[in-house]
>>> print(open('work_25.pdb').read())   # PDB, N, CA and C atoms and all ligand atoms
MODEL        1
ATOM      1  N   MET A1095      22.960   7.449  15.158
ATOM      2  CA  MET A1095      21.860   6.573  14.761
ATOM      3  C   MET A1095      22.230   5.123  15.060
ATOM      4  N   GLU A1096      21.318   4.457  15.704
ATOM      5  CA  GLU A1096      21.558   3.066  16.080
ATOM      6  C   GLU A1096      21.177   2.146  14.920
ATOM      7  N   THR A1097      22.018   1.162  14.639
ATOM      8  CA  THR A1097      21.743   0.217  13.562
ATOM      9  C   THR A1097      21.244  -1.095  14.137
ATOM     10  N   LEU A1098      20.216  -1.645  13.524
ATOM     11  CA  LEU A1098      19.724  -2.951  13.958
ATOM     12  C   LEU A1098      20.785  -4.005  13.664
ATOM     13  N   GLY A1099      21.142  -4.794  14.653
ATOM     14  CA  GLY A1099      22.077  -5.883  14.435
ATOM     15  C   GLY A1099      23.469  -5.391  14.107
ATOM     16  N   ASP A1100      24.077  -4.654  15.004
ATOM     17  CA  ASP A1100      25.409  -4.115  14.760
ATOM     18  C   ASP A1100      26.464  -5.211  14.597
ATOM     19  N   ASP A1101      26.241  -6.338  15.234
ATOM     20  CA  ASP A1101      27.199  -7.421  15.049
ATOM     21  C   ASP A1101      26.696  -8.348  13.942
ATOM     22  N   ASP A1102      27.404  -9.428  13.713
ATOM     23  CA  ASP A1102      27.060 -10.315  12.603
ATOM     24  C   ASP A1102      26.026 -11.375  12.982
ATOM     25  N   GLY A1103      25.697 -11.457  14.256
ATOM     26  CA  GLY A1103      24.749 -12.479  14.700
ATOM     27  C   GLY A1103      23.327 -12.141  14.306
ATOM     28  N   PRO A1104      22.409 -13.077  14.569
ATOM     29  CA  PRO A1104      21.007 -12.819  14.268
ATOM     30  C   PRO A1104      20.490 -11.604  15.046
ATOM     31  N   ILE A1105      19.594 -10.870  14.443
ATOM     32  CA  ILE A1105      19.005  -9.694  15.082
ATOM     33  C   ILE A1105      17.913 -10.147  16.042
ATOM     34  N   ASP A1106      18.013  -9.710  17.285
ATOM     35  CA  ASP A1106      16.926  -9.963  18.233
ATOM     36  C   ASP A1106      16.046  -8.716  18.271
ATOM     37  N   VAL A1107      14.891  -8.809  17.613
ATOM     38  CA  VAL A1107      14.000  -7.649  17.503
ATOM     39  C   VAL A1107      13.645  -7.106  18.886
ATOM     40  N   HIS A1108      13.591  -7.999  19.858
ATOM     41  CA  HIS A1108      13.168  -7.563  21.185
ATOM     42  C   HIS A1108      14.218  -6.699  21.876
ATOM     43  N   ASP A1109      15.470  -6.737  21.386
ATOM     44  CA  ASP A1109      16.480  -5.809  21.892
ATOM     45  C   ASP A1109      16.141  -4.369  21.505
ATOM     46  N   TYR A1110      15.330  -4.201  20.466
ATOM     47  CA  TYR A1110      15.001  -2.868  19.944
ATOM     48  C   TYR A1110      13.516  -2.563  20.124
ATOM     49  N   ARG A1111      12.888  -3.339  20.977
ATOM     50  CA  ARG A1111      11.428  -3.296  21.109
ATOM     51  C   ARG A1111      10.913  -1.901  21.459
ATOM     52  N   HIS A1112      11.668  -1.134  22.258
ATOM     53  CA  HIS A1112      11.198   0.184  22.688
ATOM     54  C   HIS A1112      11.125   1.170  21.524
ATOM     55  N   GLY A1113      11.837   0.890  20.444
ATOM     56  CA  GLY A1113      11.825   1.803  19.296
ATOM     57  C   GLY A1113      11.048   1.275  18.108
ATOM     58  N   LEU A1114      10.451   0.103  18.271
ATOM     59  CA  LEU A1114       9.681  -0.513  17.186
ATOM     60  C   LEU A1114       8.239  -0.697  17.612
ATOM     61  N   LYS A1115       7.326  -0.439  16.689
ATOM     62  CA  LYS A1115       5.913  -0.642  16.993
ATOM     63  C   LYS A1115       5.416  -1.856  16.209
ATOM     64  N   LEU A1116       4.844  -2.816  16.912
ATOM     65  CA  LEU A1116       4.339  -4.019  16.247
ATOM     66  C   LEU A1116       3.059  -3.692  15.482
ATOM     67  N   LEU A1117       3.093  -3.905  14.168
ATOM     68  CA  LEU A1117       1.924  -3.637  13.337
ATOM     69  C   LEU A1117       1.086  -4.893  13.162
ATOM     70  N   LYS A1118       1.753  -6.025  12.950
ATOM     71  CA  LYS A1118       1.016  -7.259  12.730
ATOM     72  C   LYS A1118       1.921  -8.441  13.061
ATOM     73  N   GLU A1119       1.324  -9.462  13.621
ATOM     74  CA  GLU A1119       2.112 -10.646  13.974
ATOM     75  C   GLU A1119       1.308 -11.897  13.660
ATOM     76  N   THR A1120       1.954 -12.867  13.025
ATOM     77  CA  THR A1120       1.344 -14.176  12.824
ATOM     78  C   THR A1120       2.282 -15.215  13.432
ATOM     79  N   ARG A1121       1.960 -16.470  13.248
ATOM     80  CA  ARG A1121       2.781 -17.521  13.856
ATOM     81  C   ARG A1121       4.235 -17.450  13.393
ATOM     82  N   ASP A1122       4.440 -17.156  12.114
ATOM     83  CA  ASP A1122       5.819 -17.164  11.610
ATOM     84  C   ASP A1122       6.251 -15.858  10.950
ATOM     85  N   THR A1123       5.481 -14.791  11.136
ATOM     86  CA  THR A1123       5.912 -13.494  10.627
ATOM     87  C   THR A1123       5.630 -12.398  11.657
ATOM     88  N   SER A1124       6.373 -11.298  11.545
ATOM     89  CA  SER A1124       6.039 -10.100  12.315
ATOM     90  C   SER A1124       6.379  -8.879  11.477
ATOM     91  N   HIS A1125       5.623  -7.817  11.693
ATOM     92  CA  HIS A1125       5.733  -6.616  10.887
ATOM     93  C   HIS A1125       5.815  -5.431  11.840
ATOM     94  N   TRP A1126       6.857  -4.616  11.669
ATOM     95  CA  TRP A1126       7.146  -3.554  12.643
ATOM     96  C   TRP A1126       7.275  -2.206  11.959
ATOM     97  N   ALA A1127       6.911  -1.154  12.680
ATOM     98  CA  ALA A1127       7.178   0.214  12.238
ATOM     99  C   ALA A1127       8.367   0.742  13.028
ATOM    100  N   ASN A1128       9.214   1.480  12.356
ATOM    101  CA  ASN A1128      10.440   2.006  12.955
ATOM    102  C   ASN A1128      10.154   3.371  13.567
ATOM    103  N   LYS A1129       9.856   3.416  14.858
ATOM    104  CA  LYS A1129       9.504   4.672  15.523
ATOM    105  C   LYS A1129      10.731   5.516  15.817
ATOM    106  N   LYS A1130      11.867   4.869  16.010
ATOM    107  CA  LYS A1130      13.039   5.563  16.544
ATOM    108  C   LYS A1130      14.049   5.953  15.466
ATOM    109  N   GLY A1131      13.800   5.553  14.233
ATOM    110  CA  GLY A1131      14.734   5.900  13.175
ATOM    111  C   GLY A1131      15.976   5.036  13.158
ATOM    112  N   TYR A1132      15.849   3.787  13.528
ATOM    113  CA  TYR A1132      16.988   2.869  13.453
ATOM    114  C   TYR A1132      17.479   2.769  12.019
ATOM    115  N   ALA A1133      18.758   2.495  11.877
ATOM    116  CA  ALA A1133      19.338   2.326  10.545
ATOM    117  C   ALA A1133      19.251   0.867  10.112
ATOM    118  N   CYS A1134      19.119   0.686   8.819
ATOM    119  CA  CYS A1134      19.060  -0.645   8.201
ATOM    120  C   CYS A1134      20.451  -1.276   8.226
ATOM    121  N   PRO A1135      20.578  -2.533   8.630
ATOM    122  CA  PRO A1135      21.895  -3.171   8.680
ATOM    123  C   PRO A1135      22.494  -3.416   7.302
ATOM    124  N   ALA A1136      21.654  -3.415   6.261
ATOM    125  CA  ALA A1136      22.157  -3.692   4.919
ATOM    126  C   ALA A1136      22.750  -2.453   4.263
ATOM    127  N   CYS A1137      22.082  -1.300   4.386
ATOM    128  CA  CYS A1137      22.546  -0.110   3.656
ATOM    129  C   CYS A1137      22.899   1.054   4.573
ATOM    130  N   GLY A1138      22.572   0.948   5.849
ATOM    131  CA  GLY A1138      22.947   1.988   6.795
ATOM    132  C   GLY A1138      22.026   3.182   6.844
ATOM    133  N   LYS A1139      20.982   3.187   6.026
ATOM    134  CA  LYS A1139      20.034   4.300   6.028
ATOM    135  C   LYS A1139      18.821   3.943   6.883
ATOM    136  N   PRO A1140      18.137   4.958   7.429
ATOM    137  CA  PRO A1140      16.951   4.652   8.227
ATOM    138  C   PRO A1140      15.887   3.968   7.381
ATOM    139  N   PHE A1141      15.148   3.067   7.981
ATOM    140  CA  PHE A1141      14.063   2.390   7.265
ATOM    141  C   PHE A1141      12.741   2.747   7.920
ATOM    142  N   GLU A1142      11.657   2.480   7.217
ATOM    143  CA  GLU A1142      10.328   2.799   7.748
ATOM    144  C   GLU A1142       9.678   1.599   8.412
ATOM    145  N   GLN A1143       9.815   0.439   7.759
ATOM    146  CA  GLN A1143       9.165  -0.741   8.301
ATOM    147  C   GLN A1143      10.066  -1.956   8.164
ATOM    148  N   LEU A1144       9.854  -2.902   9.046
ATOM    149  CA  LEU A1144      10.615  -4.147   9.049
ATOM    150  C   LEU A1144       9.648  -5.322   9.046
ATOM    151  N   PHE A1145       9.892  -6.263   8.130
ATOM    152  CA  PHE A1145       9.089  -7.469   8.054
ATOM    153  C   PHE A1145      10.001  -8.655   8.316
ATOM    154  N   VAL A1146       9.641  -9.502   9.266
ATOM    155  CA  VAL A1146      10.444 -10.661   9.627
ATOM    156  C   VAL A1146       9.640 -11.915   9.330
ATOM    157  N   SER A1147      10.254 -12.856   8.610
ATOM    158  CA  SER A1147       9.506 -14.056   8.225
ATOM    159  C   SER A1147      10.345 -15.306   8.366
ATOM    160  N   GLU A1148       9.741 -16.339   8.933
ATOM    161  CA  GLU A1148      10.377 -17.652   9.000
ATOM    162  C   GLU A1148       9.810 -18.565   7.924
ATOM    163  N   LYS A1149       8.967 -18.031   7.061
ATOM    164  CA  LYS A1149       8.366 -18.838   6.003
ATOM    165  C   LYS A1149       9.359 -19.056   4.863
ATOM    166  N   THR A1150       9.208 -20.160   4.154
ATOM    167  CA  THR A1150      10.067 -20.448   3.006
ATOM    168  C   THR A1150       9.738 -19.528   1.840
ATOM    169  N   ASP A1151       8.458 -19.310   1.616
ATOM    170  CA  ASP A1151       8.025 -18.489   0.484
ATOM    171  C   ASP A1151       7.333 -17.239   0.986
ATOM    172  N   ASN A1152       7.726 -16.107   0.418
ATOM    173  CA  ASN A1152       7.130 -14.830   0.785
ATOM    174  C   ASN A1152       6.837 -14.046  -0.478
ATOM    175  N   THR A1153       5.653 -13.500  -0.569
ATOM    176  CA  THR A1153       5.289 -12.675  -1.707
ATOM    177  C   THR A1153       4.989 -11.262  -1.218
ATOM    178  N   PHE A1154       5.635 -10.298  -1.836
ATOM    179  CA  PHE A1154       5.415  -8.904  -1.456
ATOM    180  C   PHE A1154       4.719  -8.170  -2.590
ATOM    181  N   THR A1155       3.688  -7.440  -2.236
ATOM    182  CA  THR A1155       3.005  -6.608  -3.213
ATOM    183  C   THR A1155       3.175  -5.160  -2.767
ATOM    184  N   PRO A1156       4.165  -4.477  -3.310
ATOM    185  CA  PRO A1156       4.433  -3.120  -2.840
ATOM    186  C   PRO A1156       3.249  -2.195  -3.105
ATOM    187  N   SER A1157       2.873  -1.443  -2.101
ATOM    188  CA  SER A1157       1.793  -0.485  -2.280
ATOM    189  C   SER A1157       2.322   0.787  -2.938
ATOM    190  N   SER A1158       3.604   0.993  -2.882
ATOM    191  CA  SER A1158       4.213   2.118  -3.581
ATOM    192  C   SER A1158       5.630   1.692  -3.960
ATOM    193  N   VAL A1159       6.264   2.459  -4.805
ATOM    194  CA  VAL A1159       7.601   2.100  -5.235
ATOM    195  C   VAL A1159       8.602   2.622  -4.208
ATOM    196  N   THR A1160       8.936   1.776  -3.242
ATOM    197  CA  THR A1160       9.913   2.155  -2.234
ATOM    198  C   THR A1160      11.024   1.122  -2.230
ATOM    199  N   PRO A1161      12.250   1.602  -2.080
ATOM    200  CA  PRO A1161      13.357   0.642  -2.041
ATOM    201  C   PRO A1161      13.305  -0.193  -0.765
ATOM    202  N   PHE A1162      13.817  -1.389  -0.832
ATOM    203  CA  PHE A1162      13.907  -2.205   0.369
ATOM    204  C   PHE A1162      15.180  -3.024   0.339
ATOM    205  N   CYS A1163      15.579  -3.476   1.524
ATOM    206  CA  CYS A1163      16.766  -4.313   1.680
ATOM    207  C   CYS A1163      16.347  -5.623   2.325
ATOM    208  N   ILE A1164      17.090  -6.654   2.038
ATOM    209  CA  ILE A1164      16.821  -7.973   2.603
ATOM    210  C   ILE A1164      18.046  -8.436   3.384
ATOM    211  N   ARG A1165      17.796  -8.950   4.566
ATOM    212  CA  ARG A1165      18.868  -9.623   5.304
ATOM    213  C   ARG A1165      18.446 -11.067   5.499
ATOM    214  N   HIS A1166      19.320 -11.960   5.141
ATOM    215  CA  HIS A1166      19.015 -13.382   5.248
ATOM    216  C   HIS A1166      19.760 -13.974   6.423
ATOM    217  N   GLU A1167      19.012 -14.585   7.334
ATOM    218  CA  GLU A1167      19.615 -15.324   8.438
ATOM    219  C   GLU A1167      19.290 -16.798   8.223
ATOM    220  N   PRO A1168      19.966 -17.686   8.912
ATOM    221  CA  PRO A1168      19.767 -19.119   8.641
ATOM    222  C   PRO A1168      18.301 -19.542   8.641
ATOM    223  N   ASN A1169      17.514 -19.018   9.565
ATOM    224  CA  ASN A1169      16.128 -19.481   9.679
ATOM    225  C   ASN A1169      15.101 -18.408   9.362
ATOM    226  N   ARG A1170      15.584 -17.215   8.947
ATOM    227  CA  ARG A1170      14.648 -16.109   8.769
ATOM    228  C   ARG A1170      15.062 -15.211   7.614
ATOM    229  N   ILE A1171      14.076 -14.507   7.097
ATOM    230  CA  ILE A1171      14.304 -13.401   6.172
ATOM    231  C   ILE A1171      13.838 -12.136   6.867
ATOM    232  N   LEU A1172      14.659 -11.070   6.804
ATOM    233  CA  LEU A1172      14.236  -9.780   7.322
ATOM    234  C   LEU A1172      14.223  -8.786   6.171
ATOM    235  N   MET A1173      13.088  -8.136   5.962
ATOM    236  CA  MET A1173      12.969  -7.166   4.881
ATOM    237  C   MET A1173      12.781  -5.783   5.487
ATOM    238  N   PHE A1174      13.684  -4.869   5.108
ATOM    239  CA  PHE A1174      13.630  -3.485   5.583
ATOM    240  C   PHE A1174      13.091  -2.623   4.465
ATOM    241  N   ARG A1175      11.959  -1.985   4.689
ATOM    242  CA  ARG A1175      11.379  -1.122   3.657
ATOM    243  C   ARG A1175      11.735   0.317   3.966
ATOM    244  N   HIS A1176      12.209   1.028   2.955
ATOM    245  CA  HIS A1176      12.612   2.430   3.138
ATOM    246  C   HIS A1176      11.537   3.392   2.695
TER     247      HIS A1176
HETATM  248 ZN    ZN B   1      18.474  -0.671   3.637
ENDMDL
END
>>> encode(input="work_25.pdb", output="C-alpha cells")
Amino acid sequence: METLGDDDGPIDVHDYRHGLKLLKETRDTSHWANKKGYACPACGKPFEQLFVSEKTDNTFTPSSVTPFCIRHEPNRILMFRH
C-alpha cells in the first residue's frame, strides 16, 4: 500500500493524481476521494477522502461519525477522513 507523502516534505497531491478523484475545488481548498486505497501519512491506514485547505479557519460538520487525521504543513492543513 502506497502512503501519501512518504517523506517529510509537503505532499504534492498531483504526484498521486491518478489514484485520487477530485470531488470539489475552490480557490484555497480541494477535496479528493481515494480511489486507489492510499494510506494516511498520519496513521498508516487507508483513508476515504482527503481535504486540503490553505485557509486559516476551517469548520467541519461530519455527516457521520468517522475518524479522521490531520497533517499540518507550513501553509496548509490536510485532513484525511477514514
Ligand atoms: Zn489516518
>>> resolve_selection(input="work_25.pdb", expression="the PyMOL selection byres (((not hetatm)) within 7 of (chain B and resi 1))", output="PyMOL selection string")
chain A and resi 1133-1141+1161-1164+1174-1176
>>> atom_distance(input="work_25.pdb", atom1="atom C of Asp1100 of chain A", atom2="atom N of Phe1154 of chain A")
27.0 Å
>>> residues_around(input="work_25.pdb", residues="Leu1117 of chain A", least_positions_apart="5", cutoff="12 Å", atoms="only C-alpha atoms", output="VMD selection string")
chain A and resid 1123 to 1129 1142 to 1146
>>> closest_residue(input="work_25.pdb", among="A:Thr1160, A:Asp1102, A:Ser1147, A:Tyr1132", to="Met1173 of chain A", atoms="only C-alpha atoms")
A:Ser1147
>>> atom_distance(input="work_25.pdb", atom1="atom C of Val1159 of chain A", atom2="atom N of Gly1113 of chain A")
24.9 Å
>>> atom_distance(input="work_25.pdb", atom1="atom CA of Asn1169 of chain A", atom2="atom CA of Arg1111 of chain A")
20.4 Å
>>> select_by_dssp(input="work_25.pdb", residues="chain A", states="strand (DSSP E or B)", output="PyMOL selection string")
chain A and resi 1097+1114-1119+1123-1128+1133+1140+1143-1147+1162-1167+1170-1175
>>> residues_around(input="work_25.pdb", residues="Glu1167 of chain A", least_positions_apart="6", cutoff="8 Å", atoms="all atoms listed in the file", output="ChimeraX atom specification")
/A:1103-1105
>>> closest_residue(input="work_25.pdb", among="A:His1112, A:Lys1149, A:Arg1170, A:Lys1130", to="Thr1097 of chain A", atoms="only C-alpha atoms")
A:Lys1130
>>> select_by_dssp(input="work_25.pdb", residues="chain A", states="helix (DSSP H, G or I)", output="PDB file with N, CA and C atoms, in the frame of the given file")
ATOM      1  N   VAL A1107      14.891  -8.809  17.613  1.00  0.00           N
ATOM      2  CA  VAL A1107      14.000  -7.649  17.503  1.00  0.00           C
ATOM      3  C   VAL A1107      13.645  -7.106  18.886  1.00  0.00           C
ATOM      4  N   HIS A1108      13.591  -7.999  19.858  1.00  0.00           N
ATOM      5  CA  HIS A1108      13.168  -7.563  21.185  1.00  0.00           C
ATOM      6  C   HIS A1108      14.218  -6.699  21.876  1.00  0.00           C
ATOM      7  N   ASP A1109      15.470  -6.737  21.386  1.00  0.00           N
ATOM      8  CA  ASP A1109      16.480  -5.809  21.892  1.00  0.00           C
ATOM      9  C   ASP A1109      16.141  -4.369  21.505  1.00  0.00           C
ATOM     10  N   TYR A1110      15.330  -4.201  20.466  1.00  0.00           N
ATOM     11  CA  TYR A1110      15.001  -2.868  19.944  1.00  0.00           C
ATOM     12  C   TYR A1110      13.516  -2.563  20.124  1.00  0.00           C
ATOM     13  N   ARG A1111      12.888  -3.339  20.977  1.00  0.00           N
ATOM     14  CA  ARG A1111      11.428  -3.296  21.109  1.00  0.00           C
ATOM     15  C   ARG A1111      10.913  -1.901  21.459  1.00  0.00           C
ATOM     16  N   HIS A1112      11.668  -1.134  22.258  1.00  0.00           N
ATOM     17  CA  HIS A1112      11.198   0.184  22.688  1.00  0.00           C
ATOM     18  C   HIS A1112      11.125   1.170  21.524  1.00  0.00           C
ATOM     19  N   GLY A1113      11.837   0.890  20.444  1.00  0.00           N
ATOM     20  CA  GLY A1113      11.825   1.803  19.296  1.00  0.00           C
ATOM     21  C   GLY A1113      11.048   1.275  18.108  1.00  0.00           C
TER      22      GLY A1113
END
>>> build_atoms(input="work_25.pdb", residues="segment 1164-1175 of chain A", atoms="all heavy atoms", output="PDB file, keeping the file's coordinate frame")
ATOM      1  N   ILE A1164      17.090  -6.654   2.038  1.00  0.00           N
ATOM      2  CA  ILE A1164      16.821  -7.973   2.603  1.00  0.00           C
ATOM      3  C   ILE A1164      18.046  -8.436   3.384  1.00  0.00           C
ATOM      4  O   ILE A1164      19.176  -8.281   2.934  1.00  0.00           O
ATOM      5  CB  ILE A1164      16.554  -9.012   1.483  1.00  0.00           C
ATOM      6  CG1 ILE A1164      15.309  -8.655   0.696  1.00  0.00           C
ATOM      7  CG2 ILE A1164      16.488 -10.422   2.047  1.00  0.00           C
ATOM      8  CD1 ILE A1164      14.026  -9.117   1.306  1.00  0.00           C
ATOM      9  N   ARG A1165      17.796  -8.950   4.566  1.00  0.00           N
ATOM     10  CA  ARG A1165      18.868  -9.623   5.304  1.00  0.00           C
ATOM     11  C   ARG A1165      18.446 -11.067   5.499  1.00  0.00           C
ATOM     12  O   ARG A1165      17.350 -11.349   5.964  1.00  0.00           O
ATOM     13  CB  ARG A1165      19.097  -8.958   6.655  1.00  0.00           C
ATOM     14  CG  ARG A1165      20.164  -9.672   7.475  1.00  0.00           C
ATOM     15  CD  ARG A1165      20.517  -8.860   8.685  1.00  0.00           C
ATOM     16  NE  ARG A1165      21.344  -9.547   9.623  1.00  0.00           N
ATOM     17  CZ  ARG A1165      22.450  -9.022  10.147  1.00  0.00           C
ATOM     18  NH1 ARG A1165      22.847  -7.830   9.781  1.00  0.00           N
ATOM     19  NH2 ARG A1165      23.141  -9.687  11.039  1.00  0.00           N
ATOM     20  N   HIS A1166      19.320 -11.960   5.141  1.00  0.00           N
ATOM     21  CA  HIS A1166      19.015 -13.382   5.248  1.00  0.00           C
ATOM     22  C   HIS A1166      19.760 -13.974   6.423  1.00  0.00           C
ATOM     23  O   HIS A1166      20.976 -13.861   6.519  1.00  0.00           O
ATOM     24  CB  HIS A1166      19.410 -14.099   3.953  1.00  0.00           C
ATOM     25  CG  HIS A1166      19.127 -15.555   3.984  1.00  0.00           C
ATOM     26  ND1 HIS A1166      20.094 -16.513   3.853  1.00  0.00           N
ATOM     27  CD2 HIS A1166      17.976 -16.216   4.175  1.00  0.00           C
ATOM     28  CE1 HIS A1166      19.542 -17.709   3.951  1.00  0.00           C
ATOM     29  NE2 HIS A1166      18.260 -17.554   4.148  1.00  0.00           N
ATOM     30  N   GLU A1167      19.012 -14.585   7.334  1.00  0.00           N
ATOM     31  CA  GLU A1167      19.615 -15.324   8.438  1.00  0.00           C
ATOM     32  C   GLU A1167      19.290 -16.798   8.223  1.00  0.00           C
ATOM     33  O   GLU A1167      18.417 -17.125   7.421  1.00  0.00           O
ATOM     34  CB  GLU A1167      19.053 -14.808   9.773  1.00  0.00           C
ATOM     35  CG  GLU A1167      19.467 -13.356  10.035  1.00  0.00           C
ATOM     36  CD  GLU A1167      18.918 -12.811  11.352  1.00  0.00           C
ATOM     37  OE1 GLU A1167      18.035 -13.452  11.950  1.00  0.00           O
ATOM     38  OE2 GLU A1167      19.387 -11.744  11.762  1.00  0.00           O
ATOM     39  N   PRO A1168      19.966 -17.686   8.912  1.00  0.00           N
ATOM     40  CA  PRO A1168      19.767 -19.119   8.641  1.00  0.00           C
ATOM     41  C   PRO A1168      18.301 -19.542   8.641  1.00  0.00           C
ATOM     42  O   PRO A1168      17.885 -20.337   7.805  1.00  0.00           O
ATOM     43  CB  PRO A1168      20.539 -19.791   9.782  1.00  0.00           C
ATOM     44  CG  PRO A1168      21.624 -18.819  10.095  1.00  0.00           C
ATOM     45  CD  PRO A1168      21.025 -17.450   9.892  1.00  0.00           C
ATOM     46  N   ASN A1169      17.514 -19.018   9.565  1.00  0.00           N
ATOM     47  CA  ASN A1169      16.128 -19.481   9.679  1.00  0.00           C
ATOM     48  C   ASN A1169      15.101 -18.408   9.362  1.00  0.00           C
ATOM     49  O   ASN A1169      13.912 -18.633   9.521  1.00  0.00           O
ATOM     50  CB  ASN A1169      15.863 -19.993  11.100  1.00  0.00           C
ATOM     51  CG  ASN A1169      16.801 -21.124  11.451  1.00  0.00           C
ATOM     52  OD1 ASN A1169      16.992 -22.040  10.652  1.00  0.00           O
ATOM     53  ND2 ASN A1169      17.409 -21.048  12.608  1.00  0.00           N
ATOM     54  N   ARG A1170      15.584 -17.215   8.947  1.00  0.00           N
ATOM     55  CA  ARG A1170      14.648 -16.109   8.769  1.00  0.00           C
ATOM     56  C   ARG A1170      15.062 -15.211   7.614  1.00  0.00           C
ATOM     57  O   ARG A1170      16.231 -15.147   7.242  1.00  0.00           O
ATOM     58  CB  ARG A1170      14.621 -15.210  10.018  1.00  0.00           C
ATOM     59  CG  ARG A1170      14.155 -15.828  11.263  1.00  0.00           C
ATOM     60  CD  ARG A1170      13.925 -14.777  12.316  1.00  0.00           C
ATOM     61  NE  ARG A1170      15.117 -13.979  12.581  1.00  0.00           N
ATOM     62  CZ  ARG A1170      15.178 -13.009  13.485  1.00  0.00           C
ATOM     63  NH1 ARG A1170      14.121 -12.714  14.198  1.00  0.00           N
ATOM     64  NH2 ARG A1170      16.283 -12.329  13.675  1.00  0.00           N
ATOM     65  N   ILE A1171      14.076 -14.507   7.097  1.00  0.00           N
ATOM     66  CA  ILE A1171      14.304 -13.401   6.172  1.00  0.00           C
ATOM     67  C   ILE A1171      13.838 -12.136   6.867  1.00  0.00           C
ATOM     68  O   ILE A1171      12.762 -12.106   7.465  1.00  0.00           O
ATOM     69  CB  ILE A1171      13.475 -13.592   4.878  1.00  0.00           C
ATOM     70  CG1 ILE A1171      13.998 -14.761   4.066  1.00  0.00           C
ATOM     71  CG2 ILE A1171      13.454 -12.321   4.041  1.00  0.00           C
ATOM     72  CD1 ILE A1171      15.252 -14.483   3.283  1.00  0.00           C
ATOM     73  N   LEU A1172      14.659 -11.070   6.804  1.00  0.00           N
ATOM     74  CA  LEU A1172      14.236  -9.780   7.322  1.00  0.00           C
ATOM     75  C   LEU A1172      14.223  -8.786   6.171  1.00  0.00           C
ATOM     76  O   LEU A1172      15.218  -8.650   5.457  1.00  0.00           O
ATOM     77  CB  LEU A1172      15.185  -9.272   8.426  1.00  0.00           C
ATOM     78  CG  LEU A1172      15.222 -10.099   9.714  1.00  0.00           C
ATOM     79  CD1 LEU A1172      16.249 -11.216   9.611  1.00  0.00           C
ATOM     80  CD2 LEU A1172      15.561  -9.219  10.905  1.00  0.00           C
ATOM     81  N   MET A1173      13.088  -8.136   5.962  1.00  0.00           N
ATOM     82  CA  MET A1173      12.969  -7.166   4.881  1.00  0.00           C
ATOM     83  C   MET A1173      12.781  -5.783   5.487  1.00  0.00           C
ATOM     84  O   MET A1173      11.865  -5.554   6.264  1.00  0.00           O
ATOM     85  CB  MET A1173      11.771  -7.497   3.998  1.00  0.00           C
ATOM     86  CG  MET A1173      11.664  -6.551   2.831  1.00  0.00           C
ATOM     87  SD  MET A1173      10.184  -6.845   1.857  1.00  0.00           S
ATOM     88  CE  MET A1173       9.297  -5.352   2.217  1.00  0.00           C
ATOM     89  N   PHE A1174      13.684  -4.869   5.108  1.00  0.00           N
ATOM     90  CA  PHE A1174      13.630  -3.485   5.583  1.00  0.00           C
ATOM     91  C   PHE A1174      13.091  -2.623   4.465  1.00  0.00           C
ATOM     92  O   PHE A1174      13.704  -2.558   3.386  1.00  0.00           O
ATOM     93  CB  PHE A1174      15.032  -3.001   5.989  1.00  0.00           C
ATOM     94  CG  PHE A1174      15.605  -3.783   7.144  1.00  0.00           C
ATOM     95  CD1 PHE A1174      16.276  -4.972   6.920  1.00  0.00           C
ATOM     96  CD2 PHE A1174      15.446  -3.351   8.441  1.00  0.00           C
ATOM     97  CE1 PHE A1174      16.802  -5.706   7.979  1.00  0.00           C
ATOM     98  CE2 PHE A1174      15.963  -4.065   9.500  1.00  0.00           C
ATOM     99  CZ  PHE A1174      16.641  -5.249   9.272  1.00  0.00           C
ATOM    100  N   ARG A1175      11.959  -1.985   4.689  1.00  0.00           N
ATOM    101  CA  ARG A1175      11.379  -1.122   3.657  1.00  0.00           C
ATOM    102  C   ARG A1175      11.735   0.317   3.966  1.00  0.00           C
ATOM    103  O   ARG A1175      11.556   0.780   5.092  1.00  0.00           O
ATOM    104  CB  ARG A1175       9.852  -1.289   3.630  1.00  0.00           C
ATOM    105  CG  ARG A1175       9.299  -1.047   2.251  1.00  0.00           C
ATOM    106  CD  ARG A1175       7.798  -0.984   2.292  1.00  0.00           C
ATOM    107  NE  ARG A1175       7.360   0.315   2.789  1.00  0.00           N
ATOM    108  CZ  ARG A1175       6.094   0.618   3.071  1.00  0.00           C
ATOM    109  NH1 ARG A1175       5.173  -0.280   2.939  1.00  0.00           N
ATOM    110  NH2 ARG A1175       5.780   1.810   3.502  1.00  0.00           N
TER     111      ARG A1175
END
